[in-house]
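One file, target.cif, is given below (mmCIF, C-alpha atoms).
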data_model
#
loop_
_atom_site.group_PDB
_atom_site.id
_atom_site.type_symbol
_atom_site.label_atom_id
_atom_site.label_comp_id
_atom_site.auth_asym_id
_atom_site.auth_seq_id
_atom_site.Cartn_x
_atom_site.Cartn_y
_atom_site.Cartn_z
ATOM 1 C CA MET A 1 -26.039 -0.852 43.185
ATOM 2 C CA SER A 2 -23.702 -2.854 45.418
ATOM 3 C CA LYS A 3 -24.002 -3.006 49.205
ATOM 4 C CA THR A 4 -20.625 -1.314 49.611
ATOM 5 C CA GLN A 5 -21.701 1.518 47.287
ATOM 6 C CA TYR A 6 -24.848 2.070 49.373
ATOM 7 C CA ALA A 7 -22.698 2.251 52.514
ATOM 8 C CA ALA A 8 -20.293 4.676 50.826
ATOM 9 C CA ASP A 9 -23.213 6.890 49.739
ATOM 10 C CA ILE A 10 -24.656 6.872 53.268
ATOM 11 C CA LEU A 11 -21.274 7.910 54.683
ATOM 12 C CA LYS A 12 -21.073 10.793 52.182
ATOM 13 C CA GLU A 13 -24.555 11.948 53.197
ATOM 14 C CA LEU A 14 -23.593 11.820 56.871
ATOM 15 C CA GLU A 15 -20.372 13.730 56.289
ATOM 16 C CA ARG A 16 -22.226 16.431 54.342
ATOM 17 C CA THR A 17 -24.942 16.715 57.007
ATOM 18 C CA LEU A 18 -22.692 16.663 60.072
ATOM 19 C CA SER A 19 -20.230 19.166 58.585
ATOM 20 C CA GLN A 20 -23.044 21.745 58.536
ATOM 21 C CA ILE A 21 -23.806 21.612 62.276
ATOM 22 C CA ASP A 22 -23.056 24.951 63.931
ATOM 23 C CA ASP A 23 -20.320 24.655 66.594
ATOM 24 C CA ALA A 24 -21.827 27.528 68.605
ATOM 25 C CA GLU A 25 -25.175 25.721 68.769
ATOM 26 C CA MET A 26 -23.440 22.552 69.984
ATOM 27 C CA GLN A 27 -21.475 24.526 72.587
ATOM 28 C CA ALA A 28 -24.655 26.184 73.879
ATOM 29 C CA MET A 29 -26.386 22.797 74.127
ATOM 30 C CA ALA A 30 -23.423 21.338 76.040
ATOM 31 C CA GLU A 31 -23.439 24.266 78.479
ATOM 32 C CA HIS A 32 -27.176 23.897 79.150
ATOM 33 C CA ILE A 33 -26.840 20.154 79.755
ATOM 34 C CA LEU A 34 -23.887 20.536 82.117
ATOM 35 C CA ALA A 35 -25.602 23.358 84.047
ATOM 36 C CA ALA A 36 -28.717 21.271 84.746
ATOM 37 C CA GLU A 37 -29.371 19.463 88.003
ATOM 38 C CA GLN A 38 -31.207 16.732 86.065
ATOM 39 C CA ILE A 39 -31.486 16.111 82.329
ATOM 40 C CA PHE A 40 -34.626 14.670 80.738
ATOM 41 C CA VAL A 41 -34.388 13.205 77.241
ATOM 42 C CA ALA A 42 -37.266 12.367 74.897
ATOM 43 C CA GLY A 43 -38.013 11.621 71.273
ATOM 44 C CA ALA A 44 -40.491 9.552 69.319
ATOM 45 C CA GLY A 45 -39.745 6.434 67.280
ATOM 46 C CA ARG A 46 -36.186 5.997 66.056
ATOM 47 C CA SER A 47 -35.289 9.528 67.158
ATOM 48 C CA GLY A 48 -36.311 8.459 70.663
ATOM 49 C CA LEU A 49 -33.999 5.450 70.435
ATOM 50 C CA MET A 50 -31.095 7.756 69.542
ATOM 51 C CA GLY A 51 -32.081 9.920 72.531
ATOM 52 C CA LYS A 52 -31.951 6.872 74.812
ATOM 53 C CA ALA A 53 -28.436 6.104 73.572
ATOM 54 C CA PHE A 54 -27.450 9.684 74.411
ATOM 55 C CA ALA A 55 -29.047 9.411 77.872
ATOM 56 C CA MET A 56 -26.914 6.325 78.510
ATOM 57 C CA ARG A 57 -23.744 8.260 77.717
ATOM 58 C CA LEU A 58 -24.848 11.140 79.965
ATOM 59 C CA MET A 59 -25.335 8.646 82.799
ATOM 60 C CA GLN A 60 -21.875 7.226 82.112
ATOM 61 C CA MET A 61 -20.541 10.768 82.478
ATOM 62 C CA GLY A 62 -22.030 10.779 85.981
ATOM 63 C CA LEU A 63 -24.915 13.132 85.194
ATOM 64 C CA ARG A 64 -28.443 12.670 86.559
ATOM 65 C CA VAL A 65 -30.413 11.796 83.465
ATOM 66 C CA TYR A 66 -33.845 10.334 82.805
ATOM 67 C CA VAL A 67 -35.678 9.132 79.727
ATOM 68 C CA VAL A 68 -39.161 10.649 79.732
ATOM 69 C CA GLY A 69 -41.849 7.997 80.064
ATOM 70 C CA GLU A 70 -39.821 5.500 82.073
ATOM 71 C CA THR A 71 -41.358 4.511 85.412
ATOM 72 C CA VAL A 72 -38.461 5.942 87.458
ATOM 73 C CA THR A 73 -38.562 9.395 85.844
ATOM 74 C CA PRO A 74 -39.287 12.166 88.377
ATOM 75 C CA GLY A 75 -40.939 15.523 87.739
ATOM 76 C CA ILE A 76 -39.056 18.354 86.070
ATOM 77 C CA SER A 77 -38.206 21.666 87.761
ATOM 78 C CA SER A 78 -36.640 24.974 86.800
ATOM 79 C CA LYS A 79 -33.196 23.591 87.737
ATOM 80 C CA ASP A 80 -33.466 20.854 85.116
ATOM 81 C CA PHE A 81 -33.176 20.607 81.326
ATOM 82 C CA LEU A 82 -35.400 18.853 78.780
ATOM 83 C CA LEU A 83 -33.696 17.707 75.569
ATOM 84 C CA LEU A 84 -36.006 16.740 72.727
ATOM 85 C CA CYS A 85 -34.979 14.918 69.563
ATOM 86 C CA SER A 86 -37.426 15.640 66.748
ATOM 87 C CA GLY A 87 -36.758 16.006 63.044
ATOM 88 C CA SER A 88 -39.959 17.944 62.409
ATOM 89 C CA GLY A 89 -40.154 19.717 65.754
ATOM 90 C CA GLU A 90 -43.906 19.179 65.539
ATOM 91 C CA THR A 91 -44.490 15.763 67.170
ATOM 92 C CA GLY A 92 -47.587 16.281 69.315
ATOM 93 C CA SER A 93 -46.428 14.463 72.438
ATOM 94 C CA LEU A 94 -43.066 16.280 72.339
ATOM 95 C CA VAL A 95 -44.741 19.669 71.844
ATOM 96 C CA ALA A 96 -46.801 18.942 74.982
ATOM 97 C CA MET A 97 -43.622 18.011 76.900
ATOM 98 C CA ALA A 98 -41.914 21.229 75.808
ATOM 99 C CA GLN A 99 -44.931 23.247 76.941
ATOM 100 C CA LYS A 100 -45.041 21.502 80.336
ATOM 101 C CA ALA A 101 -41.298 21.915 80.882
ATOM 102 C CA SER A 102 -41.537 25.605 79.968
ATOM 103 C CA SER A 103 -44.456 26.022 82.401
ATOM 104 C CA ALA A 104 -42.265 24.484 85.130
ATOM 105 C CA GLY A 105 -39.522 26.996 84.271
ATOM 106 C CA ALA A 106 -37.193 24.362 82.816
ATOM 107 C CA PRO A 107 -35.157 25.260 79.753
ATOM 108 C CA VAL A 108 -35.855 23.147 76.668
ATOM 109 C CA GLY A 109 -33.293 21.988 74.117
ATOM 110 C CA LEU A 110 -34.102 20.680 70.660
ATOM 111 C CA ILE A 111 -32.085 18.844 68.042
ATOM 112 C CA THR A 112 -34.036 19.120 64.804
ATOM 113 C CA ILE A 113 -34.145 19.673 61.087
ATOM 114 C CA LYS A 114 -36.564 22.583 61.554
ATOM 115 C CA PRO A 115 -35.549 25.178 64.177
ATOM 116 C CA GLU A 116 -38.542 27.322 63.171
ATOM 117 C CA SER A 117 -40.930 24.570 64.316
ATOM 118 C CA THR A 118 -43.351 24.739 67.245
ATOM 119 C CA ILE A 119 -40.836 23.107 69.612
ATOM 120 C CA GLY A 120 -38.073 25.292 68.169
ATOM 121 C CA GLN A 121 -40.078 28.367 69.181
ATOM 122 C CA LEU A 122 -40.447 27.002 72.728
ATOM 123 C CA ALA A 123 -36.796 25.949 73.029
ATOM 124 C CA THR A 124 -34.084 27.831 74.864
ATOM 125 C CA THR A 125 -31.397 26.262 72.707
ATOM 126 C CA VAL A 126 -31.591 24.524 69.337
ATOM 127 C CA VAL A 127 -29.113 22.514 67.289
ATOM 128 C CA ARG A 128 -30.068 22.352 63.627
ATOM 129 C CA LEU A 129 -29.155 19.056 62.002
ATOM 130 C CA PRO A 130 -29.627 19.677 58.259
ATOM 131 C CA ALA A 131 -31.063 16.400 57.010
ATOM 132 C CA SER A 132 -34.208 15.465 55.089
ATOM 133 C CA ALA A 133 -37.435 15.124 57.036
ATOM 134 C CA LYS A 134 -39.191 11.790 56.613
ATOM 135 C CA GLU A 135 -42.176 13.480 55.009
ATOM 136 C CA ASP A 136 -39.892 15.141 52.437
ATOM 137 C CA THR A 137 -38.403 11.859 51.257
ATOM 138 C CA ALA A 138 -41.813 10.163 51.363
ATOM 139 C CA THR A 139 -43.586 12.684 49.151
ATOM 140 C CA SER A 140 -41.096 14.497 46.980
ATOM 141 C CA GLY A 141 -38.386 11.941 46.258
ATOM 142 C CA ALA A 142 -35.928 14.481 47.658
ATOM 143 C CA ASP A 143 -32.445 14.013 46.291
ATOM 144 C CA VAL A 144 -30.844 15.110 49.564
ATOM 145 C CA THR A 145 -30.732 11.471 50.668
ATOM 146 C CA ILE A 146 -30.987 8.049 49.106
ATOM 147 C CA GLN A 147 -32.261 6.701 52.422
ATOM 148 C CA PRO A 148 -35.884 6.161 53.371
ATOM 149 C CA MET A 149 -37.838 8.355 55.716
ATOM 150 C CA GLY A 150 -35.831 9.903 58.572
ATOM 151 C CA SER A 151 -32.784 7.633 58.421
ATOM 152 C CA LEU A 152 -30.297 10.412 57.671
ATOM 153 C CA PHE A 153 -31.623 12.532 60.552
ATOM 154 C CA GLU A 154 -31.538 9.609 62.983
ATOM 155 C CA GLN A 155 -28.000 8.608 62.011
ATOM 156 C CA GLY A 156 -26.869 12.225 62.193
ATOM 157 C CA LEU A 157 -28.578 12.526 65.569
ATOM 158 C CA LEU A 158 -26.638 9.578 67.000
ATOM 159 C CA ILE A 159 -23.271 10.771 65.689
ATOM 160 C CA GLY A 160 -23.985 14.428 66.477
ATOM 161 C CA MET A 161 -24.900 13.553 70.058
ATOM 162 C CA ASP A 162 -21.724 11.451 70.358
ATOM 163 C CA ALA A 163 -19.822 14.578 69.286
ATOM 164 C CA LEU A 164 -21.753 16.484 71.957
ATOM 165 C CA ILE A 165 -20.621 13.894 74.546
ATOM 166 C CA LEU A 166 -16.994 14.400 73.458
ATOM 167 C CA THR A 167 -17.467 18.177 73.792
ATOM 168 C CA MET A 168 -18.812 17.788 77.333
ATOM 169 C CA MET A 169 -16.074 15.297 78.254
ATOM 170 C CA GLU A 170 -13.502 17.859 77.146
ATOM 171 C CA MET A 171 -15.259 20.615 79.129
ATOM 172 C CA LYS A 172 -15.177 18.414 82.250
ATOM 173 C CA GLY A 173 -11.669 17.025 81.646
ATOM 174 C CA MET A 174 -13.007 13.459 81.404
ATOM 175 C CA THR A 175 -11.741 10.427 79.512
ATOM 176 C CA GLY A 176 -13.451 7.264 78.361
ATOM 177 C CA ALA A 177 -11.720 5.476 81.234
ATOM 178 C CA ASP A 178 -13.473 7.811 83.690
ATOM 179 C CA MET A 179 -16.808 6.763 82.213
ATOM 180 C CA PHE A 180 -16.148 3.023 82.066
ATOM 181 C CA GLY A 181 -16.766 2.553 85.791
ATOM 182 C CA ARG A 182 -20.420 3.479 85.185
ATOM 183 C CA HIS A 183 -20.888 0.972 82.370
ATOM 184 C CA ALA A 184 -23.695 -1.527 82.976
ATOM 185 C CA ASN A 185 -22.383 -4.607 84.768
ATOM 186 C CA LEU A 186 -25.578 -6.674 85.080
ATOM 187 C CA GLU A 187 -25.525 -7.658 81.413
#
Starting from the coordinates I provided, produce the structure as structure tokens.
Amino acid sequence: MSKTQYAADILKELERTLSQIDDAEMQAMAEHILAAEQIFVAGAGRSGLMGKAFAMRLMQMGLRVYVVGETVTPGISSKDFLLLCSGSGETGSLVAMAQKASSAGAPVGLITIKPESTIGQLATTVVRLPASAKEDTATSGADVTIQPMGSLFEQGLLIGMDALILTMMEMKGMTGADMFGRHANLE
């Protein structure tokens, strides 16, 4: 298969996946994020990298946001919000974070393939991103995606969270120009 055909197939998979995201779930997630005093974002592996990209956009919106695990990340309180990015919703370290945040009274958000997961049960708000879990493509040769492991989820996560940023920008009456002043300038 040609490189351009692979790219075209990936785009079709993304369009199919993203078109199934529930608008009400996205709206609820946006409202929780905007209501928080501080937002904490975490994920493992490539999902964590997508979460970091989202945290950057939140910062550019002027929100107080931290990536869990960084040295400058403070403690979480009931006024804050923890957003977890996990395809399975079962990643051990993220389950522990959700439990700790819940114990502190902080609402937990999850973007996942599996809302019924352990983290999904702990979460206040969940956005289901209907992609293939990495273990599904690794063991069953699932025909939902041609891509390896969690690629479709991770790509959908990045684009879905960019759509979430646009939703929040609209809610706050912001433009990209408003955000540009917070772009990194020590590069």
For a cut-off of 12 Å around (-23.2, 9.1, 77.5), file coordinates, pick out all residues using all atoms listed in the file and list them as an mmCIF file with C-alpha atoms, keeping the file's coordinate frame.
data_model
loop_
_atom_site.group_PDB
_atom_site.id
_atom_site.type_symbol
_atom_site.label_atom_id
_atom_site.label_comp_id
_atom_site.auth_asym_id
_atom_site.auth_seq_id
_atom_site.Cartn_x
_atom_site.Cartn_y
_atom_site.Cartn_z
ATOM 1 C CA ILE A 33 -26.840 20.154 79.755
ATOM 2 C CA ILE A 39 -31.486 16.111 82.329
ATOM 3 C CA VAL A 41 -34.388 13.205 77.241
ATOM 4 C CA MET A 50 -31.095 7.756 69.542
ATOM 5 C CA GLY A 51 -32.081 9.920 72.531
ATOM 6 C CA LYS A 52 -31.951 6.872 74.812
ATOM 7 C CA ALA A 53 -28.436 6.104 73.572
ATOM 8 C CA PHE A 54 -27.450 9.684 74.411
ATOM 9 C CA ALA A 55 -29.047 9.411 77.872
ATOM 10 C CA MET A 56 -26.914 6.325 78.510
ATOM 11 C CA ARG A 57 -23.744 8.260 77.717
ATOM 12 C CA LEU A 58 -24.848 11.140 79.965
ATOM 13 C CA MET A 59 -25.335 8.646 82.799
ATOM 14 C CA GLN A 60 -21.875 7.226 82.112
ATOM 15 C CA MET A 61 -20.541 10.768 82.478
ATOM 16 C CA GLY A 62 -22.030 10.779 85.981
ATOM 17 C CA LEU A 63 -24.915 13.132 85.194
ATOM 18 C CA ARG A 64 -28.443 12.670 86.559
ATOM 19 C CA VAL A 65 -30.413 11.796 83.465
ATOM 20 C CA TYR A 66 -33.845 10.334 82.805
ATOM 21 C CA LEU A 158 -26.638 9.578 67.000
ATOM 22 C CA ILE A 159 -23.271 10.771 65.689
ATOM 23 C CA MET A 161 -24.900 13.553 70.058
ATOM 24 C CA ASP A 162 -21.724 11.451 70.358
ATOM 25 C CA ALA A 163 -19.822 14.578 69.286
ATOM 26 C CA LEU A 164 -21.753 16.484 71.957
ATOM 27 C CA ILE A 165 -20.621 13.894 74.546
ATOM 28 C CA LEU A 166 -16.994 14.400 73.458
ATOM 29 C CA THR A 167 -17.467 18.177 73.792
ATOM 30 C CA MET A 168 -18.812 17.788 77.333
ATOM 31 C CA MET A 169 -16.074 15.297 78.254
ATOM 32 C CA MET A 174 -13.007 13.459 81.404
ATOM 33 C CA THR A 175 -11.741 10.427 79.512
ATOM 34 C CA GLY A 176 -13.451 7.264 78.361
ATOM 35 C CA ASP A 178 -13.473 7.811 83.690
ATOM 36 C CA MET A 179 -16.808 6.763 82.213
ATOM 37 C CA PHE A 180 -16.148 3.023 82.066
ATOM 38 C CA ARG A 182 -20.420 3.479 85.185
ATOM 39 C CA HIS A 183 -20.888 0.972 82.370
ATOM 40 C CA ALA A 184 -23.695 -1.527 82.976
#
Item to complete: Go ahead and compute the interatomic distance for CA of Thr124 (chain A) and CA of Leu110 (chain A), in Å to one decimal.
Response: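 CA of Leu110 (chain A) lies 8.3 Å from CA of Thr124 (chain A).
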Worksheet entry | Using only C-alpha atoms: which of A:Leu186, A:Ala36, A:Ala104, A:Met26 has the shortest distance to Thr125 (chain A) |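 Distance minimum relative to Thr125 (chain A) lands on A:Met26.
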Worksheet item: Applied to this file, what does the PyMOL selection byres ((chain A and resi 154) around 12) return in terms of residues, put as a PyMOL selection string?
Response: chain A and resi 14+17-18+43-51+53+85-88+111-113+129-134+147-153+155-161
Worksheet item: Between A:Ala177, A:Met29, A:Val72, A:Ile146, which has the minimum distance to Glu13 (chain A) (counting all atoms listed in the file)?
Response: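 Among the listed residues, the smallest separation from Glu13 (chain A) belongs to A:Ile146.
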For His32 (chain A), work out the shell of residues within 9 Å, counting all atoms listed in the file and skipping chain neighbours fewer than 6 positions away, then give it as an mmCIF file with C-alpha atoms, keeping the file's coordinate frame.
data_model
loop_
_atom_site.group_PDB
_atom_site.id
_atom_site.type_symbol
_atom_site.label_atom_id
_atom_site.label_comp_id
_atom_site.auth_asym_id
_atom_site.auth_seq_id
_atom_site.Cartn_x
_atom_site.Cartn_y
_atom_site.Cartn_z
ATOM 1 C CA PHE A 81 -33.176 20.607 81.326
ATOM 2 C CA PRO A 107 -35.157 25.260 79.753
ATOM 3 C CA GLY A 109 -33.293 21.988 74.117
ATOM 4 C CA THR A 125 -31.397 26.262 72.707
#
Fill in: Point-to-point distance in Å for CA of Ile10 (chain A) and CA of Gln27 (chain A)
26.4 Å
Worksheet entry | Point-to-point distance in Å for CA of Lys114 (chain A) and CA of Val126 (chain A) | 9.4 Å
What would the selection look like, as a CSV table (one decimal) with C-alpha atoms, keeping the file's coordinate frame, if the PyMOL selection byres ((chain A and resi 77) around 7) were run on the coordinates I just shared?
chain,number,residue,atom,x,y,z
A,75,GLY,CA,-40.9,15.5,87.7
A,76,ILE,CA,-39.1,18.4,86.1
A,78,SER,CA,-36.6,25.0,86.8
A,79,LYS,CA,-33.2,23.6,87.7
A,80,ASP,CA,-33.5,20.9,85.1
A,104,ALA,CA,-42.3,24.5,85.1
A,105,GLY,CA,-39.5,27.0,84.3
A,106,ALA,CA,-37.2,24.4,82.8
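You can rank A:Gln20, A:Gly120, A:Glu70, A:Ala42 by their closest distance to Leu94 (chain A) using only C-alpha atoms, and at the top of that list sits A:Ala42.
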Worksheet item: So which one's closest to Gly92 (chain A), A:Asn185, A:Ser117, A:Ala7, A:Asp23? Using only C-alpha atoms, please.
Response: A:Ser117
Item to complete: Using all atoms listed in the file, find the one residue out of A:Ala123, A:Thr4, A:Glu187, A:Lys172 that sits nearest to Ala35 (chain A).
Response: A:Lys172
Expected file for region 51-82 of chain A keeping N, CA and C atoms, as a PDB file, in the first residue's frame:
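Listing of result12.pdb after writing:
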ATOM      1  N   GLY A  51      -1.734  14.524  26.688  1.00  0.00           N
ATOM      2  CA  GLY A  51      -2.195  15.305  27.833  1.00  0.00           C
ATOM      3  C   GLY A  51      -1.331  16.531  28.063  1.00  0.00           C
ATOM      4  N   LYS A  52      -0.009  16.381  27.897  1.00  0.00           N
ATOM      5  CA  LYS A  52       0.894  17.525  28.053  1.00  0.00           C
ATOM      6  C   LYS A  52       0.608  18.589  27.002  1.00  0.00           C
ATOM      7  N   ALA A  53       0.310  18.168  25.787  1.00  0.00           N
ATOM      8  CA  ALA A  53      -0.033  19.130  24.729  1.00  0.00           C
ATOM      9  C   ALA A  53      -1.302  19.891  25.106  1.00  0.00           C
ATOM     10  N   PHE A  54      -2.266  19.188  25.684  1.00  0.00           N
ATOM     11  CA  PHE A  54      -3.505  19.824  26.130  1.00  0.00           C
ATOM     12  C   PHE A  54      -3.224  20.805  27.267  1.00  0.00           C
ATOM     13  N   ALA A  55      -2.376  20.400  28.218  1.00  0.00           N
ATOM     14  CA  ALA A  55      -2.020  21.280  29.337  1.00  0.00           C
ATOM     15  C   ALA A  55      -1.403  22.581  28.818  1.00  0.00           C
ATOM     16  N   MET A  56      -0.592  22.479  27.777  1.00  0.00           N
ATOM     17  CA  MET A  56       0.016  23.677  27.195  1.00  0.00           C
ATOM     18  C   MET A  56      -1.053  24.627  26.675  1.00  0.00           C
ATOM     19  N   ARG A  57      -2.047  24.081  25.991  1.00  0.00           N
ATOM     20  CA  ARG A  57      -3.128  24.935  25.478  1.00  0.00           C
ATOM     21  C   ARG A  57      -3.937  25.551  26.620  1.00  0.00           C
ATOM     22  N   LEU A  58      -4.174  24.786  27.687  1.00  0.00           N
ATOM     23  CA  LEU A  58      -4.890  25.345  28.839  1.00  0.00           C
ATOM     24  C   LEU A  58      -4.117  26.518  29.431  1.00  0.00           C
ATOM     25  N   MET A  59      -2.801  26.364  29.536  1.00  0.00           N
ATOM     26  CA  MET A  59      -1.958  27.456  30.038  1.00  0.00           C
ATOM     27  C   MET A  59      -2.067  28.667  29.109  1.00  0.00           C
ATOM     28  N   GLN A  60      -2.083  28.424  27.806  1.00  0.00           N
ATOM     29  CA  GLN A  60      -2.181  29.527  26.857  1.00  0.00           C
ATOM     30  C   GLN A  60      -3.542  30.213  26.927  1.00  0.00           C
ATOM     31  N   MET A  61      -4.531  29.507  27.466  1.00  0.00           N
ATOM     32  CA  MET A  61      -5.838  30.121  27.708  1.00  0.00           C
ATOM     33  C   MET A  61      -5.828  30.956  28.986  1.00  0.00           C
ATOM     34  N   GLY A  62      -4.738  30.872  29.756  1.00  0.00           N
ATOM     35  CA  GLY A  62      -4.647  31.636  30.991  1.00  0.00           C
ATOM     36  C   GLY A  62      -5.117  30.867  32.217  1.00  0.00           C
ATOM     37  N   LEU A  63      -5.306  29.563  32.076  1.00  0.00           N
ATOM     38  CA  LEU A  63      -5.750  28.742  33.203  1.00  0.00           C
ATOM     39  C   LEU A  63      -4.538  28.238  33.989  1.00  0.00           C
ATOM     40  N   ARG A  64      -4.752  27.979  35.275  1.00  0.00           N
ATOM     41  CA  ARG A  64      -3.689  27.415  36.121  1.00  0.00           C
ATOM     42  C   ARG A  64      -3.697  25.914  35.935  1.00  0.00           C
ATOM     43  N   VAL A  65      -2.692  25.416  35.269  1.00  0.00           N
ATOM     44  CA  VAL A  65      -2.652  23.999  34.908  1.00  0.00           C
ATOM     45  C   VAL A  65      -1.291  23.412  35.241  1.00  0.00           C
ATOM     46  N   TYR A  66      -1.309  22.161  35.648  1.00  0.00           N
ATOM     47  CA  TYR A  66      -0.080  21.440  36.001  1.00  0.00           C
ATOM     48  C   TYR A  66      -0.123  20.054  35.396  1.00  0.00           C
ATOM     49  N   VAL A  67       1.049  19.563  35.017  1.00  0.00           N
ATOM     50  CA  VAL A  67       1.199  18.181  34.582  1.00  0.00           C
ATOM     51  C   VAL A  67       1.664  17.398  35.802  1.00  0.00           C
ATOM     52  N   VAL A  68       0.893  16.387  36.182  1.00  0.00           N
ATOM     53  CA  VAL A  68       1.225  15.588  37.359  1.00  0.00           C
ATOM     54  C   VAL A  68       2.600  14.946  37.172  1.00  0.00           C
ATOM     55  N   GLY A  69       3.414  15.039  38.216  1.00  0.00           N
ATOM     56  CA  GLY A  69       4.743  14.437  38.176  1.00  0.00           C
ATOM     57  C   GLY A  69       5.860  15.437  37.931  1.00  0.00           C
ATOM     58  N   GLU A  70       5.513  16.626  37.454  1.00  0.00           N
ATOM     59  CA  GLU A  70       6.529  17.654  37.259  1.00  0.00           C
ATOM     60  C   GLU A  70       6.912  18.232  38.626  1.00  0.00           C
ATOM     61  N   THR A  71       8.123  18.720  38.751  1.00  0.00           N
ATOM     62  CA  THR A  71       8.614  19.178  40.056  1.00  0.00           C
ATOM     63  C   THR A  71       7.875  20.393  40.598  1.00  0.00           C
ATOM     64  N   VAL A  72       7.224  21.164  39.758  1.00  0.00           N
ATOM     65  CA  VAL A  72       6.523  22.378  40.214  1.00  0.00           C
ATOM     66  C   VAL A  72       5.028  22.144  40.443  1.00  0.00           C
ATOM     67  N   THR A  73       4.595  20.898  40.422  1.00  0.00           N
ATOM     68  CA  THR A  73       3.175  20.592  40.589  1.00  0.00           C
ATOM     69  C   THR A  73       2.799  20.580  42.066  1.00  0.00           C
ATOM     70  N   PRO A  74       1.831  21.434  42.458  1.00  0.00           N
ATOM     71  CA  PRO A  74       1.409  21.480  43.863  1.00  0.00           C
ATOM     72  C   PRO A  74       0.440  20.340  44.186  1.00  0.00           C
ATOM     73  N   GLY A  75      -0.049  20.332  45.419  1.00  0.00           N
ATOM     74  CA  GLY A  75      -1.065  19.366  45.816  1.00  0.00           C
ATOM     75  C   GLY A  75      -2.421  19.746  45.253  1.00  0.00           C
ATOM     76  N   ILE A  76      -3.301  18.766  45.198  1.00  0.00           N
ATOM     77  CA  ILE A  76      -4.655  18.981  44.671  1.00  0.00           C
ATOM     78  C   ILE A  76      -5.625  19.185  45.827  1.00  0.00           C
ATOM     79  N   SER A  77      -6.660  20.009  45.598  1.00  0.00           N
ATOM     80  CA  SER A  77      -7.683  20.239  46.620  1.00  0.00           C
ATOM     81  C   SER A  77      -9.064  20.079  45.996  1.00  0.00           C
ATOM     82  N   SER A  78     -10.076  20.237  46.803  1.00  0.00           N
ATOM     83  CA  SER A  78     -11.453  20.073  46.341  1.00  0.00           C
ATOM     84  C   SER A  78     -11.870  21.151  45.328  1.00  0.00           C
ATOM     85  N   LYS A  79     -11.102  22.228  45.224  1.00  0.00           N
ATOM     86  CA  LYS A  79     -11.419  23.296  44.277  1.00  0.00           C
ATOM     87  C   LYS A  79     -10.828  23.037  42.891  1.00  0.00           C
ATOM     88  N   ASP A  80     -10.052  21.961  42.790  1.00  0.00           N
ATOM     89  CA  ASP A  80      -9.302  21.668  41.575  1.00  0.00           C
ATOM     90  C   ASP A  80      -9.971  20.567  40.748  1.00  0.00           C
ATOM     91  N   PHE A  81      -9.328  20.212  39.647  1.00  0.00           N
ATOM     92  CA  PHE A  81      -9.853  19.177  38.747  1.00  0.00           C
ATOM     93  C   PHE A  81      -8.695  18.352  38.221  1.00  0.00           C
ATOM     94  N   LEU A  82      -8.828  17.034  38.264  1.00  0.00           N
ATOM     95  CA  LEU A  82      -7.828  16.124  37.705  1.00  0.00           C
ATOM     96  C   LEU A  82      -8.375  15.534  36.420  1.00  0.00           C
TER      97      LEU A  82
END
